[in-house]
Structures are given as structure tokens and as C-alpha cells.
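So the structure is just underneath, and the comments pick up after that.
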Amino acid sequence: QDHEYFFVTEPTALGHSVAADHPVYFVDHFAWGQGRLGKWWTMLRSAAANLVQSARIIRRKRPHIIITTGAGSMTPLLLFGRVSGAHII
């Protein structure tokens with residue numbers, strides 16, 4: 001049985017190469033380490049953008065299952081997905 005799928009990743013060279021052959025949504029990268037390096041505003045701005053992007057993806061696509069590698073920038077997507085009833089693997 002065919003299922004609709006898509007990838008969510010950061011806009012890196014690898015992410016863009018995946019987008020050449022698969023449906024992909026990009027979210028901003030943020031890392032807590034940016035705050036430790038004194039780049040609090042950069043981290044907060046990127047985290048806020050990621051939250052909005054993740055919420056939009058979940059609202060539009062309504063996935064039933066989310067498979068993750070555990071990357072930190074996917075945390076907002078996973079939280080929104082879980083709240084909307086998706087199973088996390």
C-alpha cells in the first residue's frame with residue numbers, strides 16, 4: 001500500500017540533495033550551544049522560526065507517524081506532532 005511521506009530537515013547540502021528526489025520541508029537550525037557561545041539572539045531567533053515552521057508543517061500535513069533520527073532541531077516538530085496525535089519512532 002502506498003503512503004504519502006515527506007522529509008523535514010535543515011537546509012544543508014544533504015537536505016537539498018534529498019529534496020531533488022523526495023518531498024522535503026526545511027526548518028531553521030538552532031542549537032543550545034549557540035547560547036553558550038554568546039549568540040543568544042541567534043539561537044532564539046532561529047528557535048522561534050523553527051517553532052513556526054514546525055507548527056505549519058504539522059498543521060498542513062497531519063502525519064500519523066513521525067520517524068526521527070533524534071536531531072535537536074526536530075524537537076519542536078516532534079512536540080507538535082505528538083500533541084496532534086502522531087506516533088513517534
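If you're wondering about the labels, chains in the C-alpha cells are A, B, ... by order shown, residues count from 1 in each chain, ligands from 1 in order shown.
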
For region 63-70 of chain A, please output as a ChimeraX atom specification all residues within 12 Å (counting only C-alpha atoms; exclusion window: fewer than 4 positions along the same chain). /A:3-9,55,57-59,74-89

So which bits of chain A end up strand (DSSP E or B) when you DSSP the backbone, as an mmCIF file with N, CA, C and O atoms, in the first residue's frame?
```cif
data_model
loop_
_atom_site.group_PDB
_atom_site.id
_atom_site.type_symbol
_atom_site.label_atom_id
_atom_site.label_comp_id
_atom_site.auth_asym_id
_atom_site.auth_seq_id
_atom_site.Cartn_x
_atom_site.Cartn_y
_atom_site.Cartn_z
ATOM 1 N N PHE A 7 10.079 14.434 4.059
ATOM 2 C CA PHE A 7 11.203 14.620 4.959
ATOM 3 C C PHE A 7 11.150 16.034 5.518
ATOM 4 O O PHE A 7 10.739 16.965 4.822
ATOM 5 N N VAL A 8 11.600 16.188 6.758
ATOM 6 C CA VAL A 8 11.802 17.508 7.347
ATOM 7 C C VAL A 8 13.258 17.549 7.782
ATOM 8 O O VAL A 8 13.717 16.668 8.514
ATOM 9 N N THR A 9 13.972 18.552 7.317
ATOM 10 C CA THR A 9 15.395 18.638 7.611
ATOM 11 C C THR A 9 15.837 20.095 7.592
ATOM 12 O O THR A 9 15.053 20.995 7.304
ATOM 13 N N VAL A 24 10.335 17.474 0.521
ATOM 14 C CA VAL A 24 11.103 17.917 1.684
ATOM 15 C C VAL A 24 10.583 19.263 2.173
ATOM 16 O O VAL A 24 10.257 20.135 1.378
ATOM 17 N N TYR A 25 10.531 19.410 3.490
ATOM 18 C CA TYR A 25 10.268 20.693 4.141
ATOM 19 C C TYR A 25 11.512 21.049 4.928
ATOM 20 O O TYR A 25 12.105 20.198 5.587
ATOM 21 N N PHE A 26 11.895 22.311 4.882
ATOM 22 C CA PHE A 26 13.082 22.766 5.601
ATOM 23 C C PHE A 26 12.684 23.581 6.821
ATOM 24 O O PHE A 26 11.741 24.373 6.770
ATOM 25 N N ILE A 65 2.500 9.155 11.666
ATOM 26 C CA ILE A 65 3.742 8.593 12.202
ATOM 27 C C ILE A 65 4.882 9.533 11.851
ATOM 28 O O ILE A 65 4.965 10.029 10.727
ATOM 29 N N ILE A 66 5.783 9.767 12.821
ATOM 30 C CA ILE A 66 6.994 10.549 12.573
ATOM 31 C C ILE A 66 8.172 9.675 12.946
ATOM 32 O O ILE A 66 8.263 9.176 14.071
ATOM 33 N N HIS A 87 2.371 9.218 16.167
ATOM 34 C CA HIS A 87 3.249 8.283 16.865
ATOM 35 C C HIS A 87 4.683 8.631 16.486
ATOM 36 O O HIS A 87 4.987 8.859 15.324
ATOM 37 N N ILE A 88 5.566 8.654 17.476
ATOM 38 C CA ILE A 88 6.971 8.998 17.257
ATOM 39 C C ILE A 88 7.809 7.729 17.300
ATOM 40 O O ILE A 88 7.720 6.949 18.246
#
```

For Val27 (chain A), please output as a list of chain:residue names all residues within 8 Å (counting only C-alpha atoms; exclusion window: fewer than 4 positions along the same chain).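 The neighbour list is A:Val8, A:Thr9, A:Glu10, A:Pro11, A:Ala49, A:Asn50, A:Gln53, A:Ser54, A:Ser73.
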
Measuring atom to atom with only C-alpha atoms, identify which of A:Asp2, A:Arg56, A:Ala48, A:Lys61 is nearest to Asp28 (chain A).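 Residue with the minimum atom-to-atom distance to Asp28 (chain A): A:Ala48.
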
Check the DSSP output for the backbone and give back, as an MDAnalysis selection string, the residues of chain A in alpha helix (DSSP H). chainID A and resid 13:19 32:36 40:61 75:83

Taking into account only C-alpha atoms, which residue in the set A:Arg60, A:Leu51, A:Ser46, A:Gly15 is nearest to Gln34 (chain A)?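 Smallest distance to Gln34 (chain A) is found for A:Ser46.
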